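Visitor: upload_21.cif is reproduced below (mmCIF, C-alpha atoms).
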data_input
loop_
_atom_site.label_atom_id
_atom_site.label_comp_id
_atom_site.auth_asym_id
_atom_site.auth_seq_id
_atom_site.Cartn_x
_atom_site.Cartn_y
_atom_site.Cartn_z
CA MET A 1 121.20 -6.16 19.77
CA THR A 2 119.98 -3.98 16.89
CA THR A 3 119.83 -0.21 17.31
CA ILE A 4 116.60 1.24 15.91
CA SER A 5 117.17 4.87 16.87
CA SER A 6 119.59 6.78 19.06
CA SER A 7 120.80 10.23 20.03
CA THR A 8 123.58 11.10 22.45
CA THR A 9 123.89 14.85 22.03
CA SER A 10 124.61 17.11 25.00
CA THR A 11 120.90 17.84 25.40
CA THR A 12 119.35 14.51 24.45
CA ALA A 13 120.46 11.00 25.26
CA TYR A 14 118.41 7.97 24.29
CA LYS A 15 118.73 4.66 22.52
CA VAL A 16 116.02 2.32 21.24
CA THR A 17 117.12 -1.23 20.48
CA ALA A 18 115.73 -4.67 19.80
CA ASP A 19 117.55 -7.43 21.67
CA THR A 20 118.12 -11.02 20.58
CA THR A 21 114.80 -12.18 22.10
CA GLY A 22 112.83 -9.65 20.07
CA ALA A 23 112.19 -7.35 23.02
CA LEU A 24 112.06 -3.60 22.46
CA VAL A 25 114.40 -1.75 24.85
CA LEU A 26 114.44 2.00 25.58
CA GLN A 27 117.61 3.28 27.18
CA THR A 28 118.37 6.78 28.48
CA GLY A 29 121.38 8.71 29.74
CA ALA A 30 124.74 9.66 28.28
CA THR A 31 125.84 6.10 29.07
CA PRO A 32 122.60 4.36 28.01
CA THR A 33 120.81 2.61 30.86
CA THR A 34 117.66 0.55 30.29
CA ALA A 35 114.52 2.44 31.35
CA VAL A 36 111.74 0.40 29.69
CA THR A 37 111.59 -3.09 28.18
CA ILE A 38 108.65 -4.44 26.16
CA ASP A 39 108.96 -8.17 25.52
CA THR A 40 107.38 -10.18 22.71
CA GLY A 41 104.38 -10.96 24.93
CA GLN A 42 103.68 -7.20 25.21
CA ARG A 43 104.71 -7.29 28.87
CA THR A 44 106.34 -4.03 29.94
CA THR A 45 109.03 -3.65 32.59
CA PHE A 46 109.97 -0.24 34.03
CA SER A 47 113.33 -0.07 35.77
CA THR A 48 112.15 2.25 38.57
CA THR A 49 109.10 4.39 39.40
CA ILE A 50 106.03 5.06 37.27
CA ALA A 51 104.51 8.47 38.04
CA VAL A 52 100.76 8.97 37.54
CA GLY A 53 99.32 12.37 36.68
CA ASN A 54 101.53 15.18 37.97
CA ALA A 55 103.20 13.01 40.62
CA THR A 56 106.95 13.30 41.18
CA PRO A 57 108.56 9.88 40.71
CA ALA A 58 110.10 8.46 43.88
CA THR A 59 113.88 8.20 43.94
CA SER A 60 114.07 5.78 46.88
CA GLY A 61 112.98 2.63 45.04
CA SER A 62 110.61 1.13 42.49
CA GLY A 63 106.83 1.50 42.42
CA ILE A 64 103.95 3.70 41.32
CA SER A 65 103.78 7.32 42.50
CA PHE A 66 100.39 9.02 42.79
CA PRO A 67 99.87 12.81 43.05
CA ALA A 68 99.62 14.36 46.52
CA THR A 69 96.06 15.42 45.63
CA GLN A 70 93.93 12.64 44.19
CA SER A 71 92.79 12.99 40.58
CA ALA A 72 89.65 10.88 40.88
CA SER A 73 88.50 8.69 37.99
CA SER A 74 84.84 8.00 37.19
CA ASP A 75 85.84 4.48 36.13
CA ALA A 76 85.24 2.04 38.99
CA ASN A 77 88.05 -0.20 37.70
CA THR A 78 90.78 2.47 37.79
CA LEU A 79 93.15 2.72 40.76
CA ASP A 80 93.66 6.48 41.08
CA ASP A 81 95.01 6.94 44.60
CA TYR A 82 97.41 5.43 47.12
CA GLU A 83 98.69 6.99 50.32
CA GLU A 84 100.11 5.86 53.66
CA GLY A 85 101.47 7.62 56.70
CA ALA A 86 101.06 8.56 60.34
CA TRP A 87 98.14 10.41 61.95
CA THR A 88 97.65 11.83 65.43
CA PRO A 89 94.39 10.88 67.16
CA THR A 90 92.67 13.35 69.48
CA VAL A 91 91.28 11.33 72.41
CA THR A 92 88.63 12.74 74.77
CA SER A 93 86.27 11.18 77.31
CA GLY A 94 82.48 11.29 77.07
CA THR A 95 82.24 12.95 80.47
CA GLY A 96 84.89 14.62 82.60
CA SER A 97 88.34 15.02 81.11
CA ILE A 98 91.47 12.91 80.71
CA THR A 99 94.54 14.59 82.18
CA THR A 100 97.29 12.86 80.18
CA VAL A 101 97.06 10.55 77.16
CA VAL A 102 99.75 9.44 74.71
CA VAL A 103 98.54 8.68 71.18
CA GLY A 104 99.74 7.30 67.84
CA GLY A 105 98.31 6.15 64.54
CA GLN A 106 99.03 4.80 61.06
CA TYR A 107 96.87 4.70 57.96
CA ARG A 108 96.83 3.34 54.42
CA LYS A 109 94.45 4.51 51.69
CA VAL A 110 94.02 2.47 48.50
CA GLY A 111 91.54 4.14 46.19
CA GLY A 112 88.66 5.03 48.49
CA LEU A 113 89.34 2.33 51.09
CA VAL A 114 91.09 3.48 54.28
CA SER A 115 92.69 1.10 56.78
CA LEU A 116 93.27 2.92 60.06
CA GLN A 117 95.17 1.87 63.19
CA PHE A 118 95.56 3.79 66.43
CA THR A 119 96.87 3.55 69.98
CA TYR A 120 96.15 5.56 73.08
CA GLN A 121 97.70 5.17 76.52
CA ILE A 122 96.06 6.98 79.42
CA THR A 123 98.79 7.81 81.92
CA ASN A 124 96.50 10.01 84.06
CA ASN A 125 92.77 9.45 83.64
CA GLY A 126 91.73 12.53 85.64
CA THR A 127 87.91 12.59 85.71
CA GLY A 128 87.43 10.78 82.38
CA ALA A 129 84.39 8.48 82.17
CA GLY A 130 81.65 7.31 79.85
CA SER A 131 82.95 6.63 76.35
CA ILE A 132 85.99 7.70 74.34
CA THR A 133 85.80 9.89 71.25
CA ILE A 134 88.64 9.67 68.73
CA ALA A 135 89.03 12.58 66.31
CA GLY A 136 91.74 13.82 63.94
CA LEU A 137 91.16 11.13 61.29
CA PRO A 138 93.18 11.65 58.09
CA PHE A 139 90.07 11.22 55.88
CA ALA A 140 86.34 11.72 56.43
CA ASN A 141 83.97 8.76 56.18
CA THR A 142 81.91 8.94 52.99
CA THR A 143 78.93 7.04 54.45
CA GLY A 144 78.34 9.06 57.62
CA ALA A 145 77.69 7.97 61.20
CA ASN A 146 76.91 4.58 62.78
CA VAL A 147 78.76 2.56 60.16
CA SER A 148 82.12 0.85 59.65
CA ALA A 149 82.57 -0.90 62.99
CA GLY A 150 86.08 -1.77 64.15
CA VAL A 151 87.67 -3.51 67.12
CA MET A 152 90.14 -2.61 69.84
CA ARG A 153 91.88 -4.27 72.80
CA GLU A 154 93.49 -3.11 76.03
CA ILE A 155 96.97 -4.64 76.29
CA ALA A 156 98.53 -3.24 79.50
CA VAL A 157 96.13 -3.71 82.42
CA ASN A 158 93.15 -6.01 81.94
CA GLY A 159 93.11 -7.30 78.34
CA GLN A 160 89.52 -6.18 77.81
CA THR A 161 88.07 -5.64 74.35
CA GLY A 162 85.86 -3.00 72.81
CA SER A 163 84.35 -1.69 69.61
CA ILE A 164 84.69 1.50 67.62
CA TYR A 165 82.33 3.06 65.11
CA PHE A 166 81.70 6.41 63.48
CA ASN A 167 79.46 8.80 65.41
CA SER A 168 80.04 11.44 62.71
CA THR A 169 81.86 11.49 59.40
CA THR A 170 85.08 12.57 61.14
CA THR A 171 85.02 11.06 64.66
CA LEU A 172 85.01 7.58 66.17
CA LEU A 173 83.22 6.45 69.31
CA ALA A 174 84.96 3.75 71.38
CA VAL A 175 83.13 1.57 73.90
CA ASN A 176 84.45 -1.15 76.23
CA TYR A 177 82.43 -4.39 76.09
CA VAL A 178 82.88 -5.01 79.83
CA SER A 179 82.69 -1.72 81.69
CA ALA A 180 81.58 0.68 78.95
CA TYR A 181 84.42 3.16 79.54
CA PRO A 182 87.52 2.21 77.51
CA GLY A 183 89.87 4.16 79.74
CA GLY A 184 91.30 4.30 83.21
CA ALA A 185 94.76 4.80 84.67
CA ASN A 186 97.53 3.16 82.61
CA ASN A 187 95.10 1.67 80.09
CA TYR A 188 96.78 1.12 76.73
CA TRP A 189 94.33 0.52 73.88
CA VAL A 190 95.09 -0.51 70.30
CA GLY A 191 92.44 -0.53 67.58
CA SER A 192 91.76 -0.68 63.87
CA ILE A 193 88.95 0.11 61.47
CA CYS A 194 88.36 0.11 57.71
CA TYR A 195 86.04 2.55 55.96
CA TYR A 196 85.39 4.38 52.71
CA ALA A 197 86.71 7.92 52.41
CA THR A 198 85.18 10.85 50.58
#
As structure tokens - that is how I would like this structure written.

Guide:
Amino acid sequence: MTTISSSTTSTTAYKVTADTTGALVLQTGATPTTAVTIDTGQRTTFSTTIAVGNATPATSGSGISFPATQSASSDANTLDDYEEGAWTPTVTSGTGSITTVVVGGQYRKVGGLVSLQFTYQITNNGTGAGSITIAGLPFANTTGANVSAGVMREIAVNGQTGSIYFNSTTTLLAVNYVSAYPGGANNYWVGSICYYAT
């Protein structure tokens, strides 16, 4: 391995070498550790995380870190955002009111495309009837209402199915195919939808 340039002072520690295959290797640290390798096919390997924009590189593993606030690109072929996490749905009935409901949700956003999953379990339906509105989405829908249909299924009581769609840019409307109201005592619904975020 041939050293091209190096510095191991108390304030700077780096080493650039060319290995026996002709690859260019950048090492950092007082005891040089490989950070970047560029092989003879111009393929680049990073040892851990690549941070985009002003993102803080992750320390828990390897990957690409995006900023907490998206820095949108005007180029349609540029991936400029990735995010995943939990969200808490707000579930209400079209008429009356549900006494007790337990909710959960997960989401993943790649660029502008959001994949959303949710659950709600009605332990006390109270006077709830009609339809179900689901609010609290992590991102608003860029295309407005009556678009981006999704599906859901009841898995605890009757196994019925239903559909969900946007009735505004920030809320979903859920309807049971069989009895219209996707609720009732001990009903446990799971659903998913994909849409484009603003």

Visitor: Given all atoms listed in the file as the basis, pick out the residue of A:Pro67, A:Gly184, A:Pro138, A:Gly128 nearest to A:Gly53.

Guide: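 Closest residue, counting all atoms listed in the file: A:Pro67.
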
Visitor: Which residues, named as in the file, does the PyMOL selection byres ((chain A and resi 64) around 12) pick out? Answer as a list in words.

Guide: Phe46, Ser47, Thr48, Thr49, Ile50, Ala51, Val52, Gly53, Ala55, Thr56, Pro57, Ala58, Thr59, Ser60, Gly61, Ser62, Gly63, Ser65, Phe66, Pro67, Leu79, Asp80, Asp81, Tyr82 and Glu83 of chain A

Visitor: Generate the output file for the selected residues, C-alpha atoms, as a PDB file, in the coordinates of the input.

Guide:
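As written to disk, out.pdb reads:
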ATOM      1  CA  PHE A  46     109.970  -0.240  34.030  1.00  0.00           C
ATOM      2  CA  SER A  47     113.330  -0.070  35.770  1.00  0.00           C
ATOM      3  CA  THR A  48     112.150   2.250  38.570  1.00  0.00           C
ATOM      4  CA  THR A  49     109.100   4.390  39.400  1.00  0.00           C
ATOM      5  CA  ILE A  50     106.030   5.060  37.270  1.00  0.00           C
ATOM      6  CA  ALA A  51     104.510   8.470  38.040  1.00  0.00           C
ATOM      7  CA  VAL A  52     100.760   8.970  37.540  1.00  0.00           C
ATOM      8  CA  GLY A  53      99.320  12.370  36.680  1.00  0.00           C
ATOM      9  CA  ALA A  55     103.200  13.010  40.620  1.00  0.00           C
ATOM     10  CA  THR A  56     106.950  13.300  41.180  1.00  0.00           C
ATOM     11  CA  PRO A  57     108.560   9.880  40.710  1.00  0.00           C
ATOM     12  CA  ALA A  58     110.100   8.460  43.880  1.00  0.00           C
ATOM     13  CA  THR A  59     113.880   8.200  43.940  1.00  0.00           C
ATOM     14  CA  SER A  60     114.070   5.780  46.880  1.00  0.00           C
ATOM     15  CA  GLY A  61     112.980   2.630  45.040  1.00  0.00           C
ATOM     16  CA  SER A  62     110.610   1.130  42.490  1.00  0.00           C
ATOM     17  CA  GLY A  63     106.830   1.500  42.420  1.00  0.00           C
ATOM     18  CA  SER A  65     103.780   7.320  42.500  1.00  0.00           C
ATOM     19  CA  PHE A  66     100.390   9.020  42.790  1.00  0.00           C
ATOM     20  CA  PRO A  67      99.870  12.810  43.050  1.00  0.00           C
ATOM     21  CA  LEU A  79      93.150   2.720  40.760  1.00  0.00           C
ATOM     22  CA  ASP A  80      93.660   6.480  41.080  1.00  0.00           C
ATOM     23  CA  ASP A  81      95.010   6.940  44.600  1.00  0.00           C
ATOM     24  CA  TYR A  82      97.410   5.430  47.120  1.00  0.00           C
ATOM     25  CA  GLU A  83      98.690   6.990  50.320  1.00  0.00           C
TER      26      GLU A  83
END

Visitor: Which residues fall under the PyMOL selection byres ((chain A and resi 23) around 10) in this file, as a ChimeraX atom specification?

Guide: /A:1,17-22,24-26,37-44

Visitor: Keeping only C-alpha atoms, write the selected residues to a file as a PDB file, in the frame of the given file.

Guide:
ATOM      1  CA  MET A   1     121.200  -6.160  19.770  1.00  0.00           C
ATOM      2  CA  THR A  17     117.120  -1.230  20.480  1.00  0.00           C
ATOM      3  CA  ALA A  18     115.730  -4.670  19.800  1.00  0.00           C
ATOM      4  CA  ASP A  19     117.550  -7.430  21.670  1.00  0.00           C
ATOM      5  CA  THR A  20     118.120 -11.020  20.580  1.00  0.00           C
ATOM      6  CA  THR A  21     114.800 -12.180  22.100  1.00  0.00           C
ATOM      7  CA  GLY A  22     112.830  -9.650  20.070  1.00  0.00           C
ATOM      8  CA  LEU A  24     112.060  -3.600  22.460  1.00  0.00           C
ATOM      9  CA  VAL A  25     114.400  -1.750  24.850  1.00  0.00           C
ATOM     10  CA  LEU A  26     114.440   2.000  25.580  1.00  0.00           C
ATOM     11  CA  THR A  37     111.590  -3.090  28.180  1.00  0.00           C
ATOM     12  CA  ILE A  38     108.650  -4.440  26.160  1.00  0.00           C
ATOM     13  CA  ASP A  39     108.960  -8.170  25.520  1.00  0.00           C
ATOM     14  CA  THR A  40     107.380 -10.180  22.710  1.00  0.00           C
ATOM     15  CA  GLY A  41     104.380 -10.960  24.930  1.00  0.00           C
ATOM     16  CA  GLN A  42     103.680  -7.200  25.210  1.00  0.00           C
ATOM     17  CA  ARG A  43     104.710  -7.290  28.870  1.00  0.00           C
ATOM     18  CA  THR A  44     106.340  -4.030  29.940  1.00  0.00           C
TER      19      THR A  44
END

Visitor: By how many Å are atom CA of A:Cys194 and atom CA of A:Thr69 apart?

Guide: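 Atom CA of A:Cys194 sits 21.0 Å away from atom CA of A:Thr69.
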
Visitor: Running the PyMOL selection byres ((chain A and resi 172) around 9) on this model by hand, what would come out? Give it as a list in words.

Guide: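 Against this file, the PyMOL selection byres ((chain A and resi 172) around 9) returns the residues Ile132, Thr133, Ile134, Ala135, Leu137, Ala145, Ile164, Tyr165, Phe166, Asn167, Ser168, Thr169, Thr170, Thr171, Leu173 and Ala174 of chain A.
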
Visitor: May I ask for the distance between atom CA of A:Val175 and atom CA of A:Thr142, given in Å to one decimal place?

Guide: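 Answer for the atom CA of A:Val175 to atom CA of A:Thr142 separation: 22.2 Å.
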
Visitor: What's the separation between atom CA of A:Val102 and atom CA of A:Thr127, in Å to one decimal place?

Guide: 16.5 Å

Visitor: Pick out the residues sitting within 6 Å of A:Ser131, and hand them over as a list in words; count all atoms listed in the file, and ignore anything fewer than 2 positions along from it in its own chain.

Guide: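 Using all atoms listed in the file, the neighbours found are Ser93, Gly94, Val175 and Tyr181 of chain A.
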
Visitor: Which residue is closest to A:Ala129? Choose from A:Ser74, A:Ser179, A:Gln117, A:Thr143 and count all atoms listed in the file.

Guide: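 Selected residue with least distance to A:Ala129: A:Ser179.
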
Visitor: Taking only C-alpha atoms into account, which of A:Ile98, A:Val157, A:Ala68, A:Leu113 comes nearest A:Phe139?

Guide: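 For A:Phe139, the nearest of the given residues is A:Leu113.
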
Visitor: Neighbours of A:Thr31 within 10 Å (only C-alpha atoms; same-chain residues fewer than 3 positions away dropped), as a VMD selection string?

Guide: chain A and resid 8 13 to 15 27 to 28 34

Visitor: Which residue out of A:Thr3, A:Asn141, A:Gln70, A:Asn176 has the minimum interatomic distance to A:Gly162 when all atoms listed in the file are used?

Guide: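 Closest candidate: A:Asn176.
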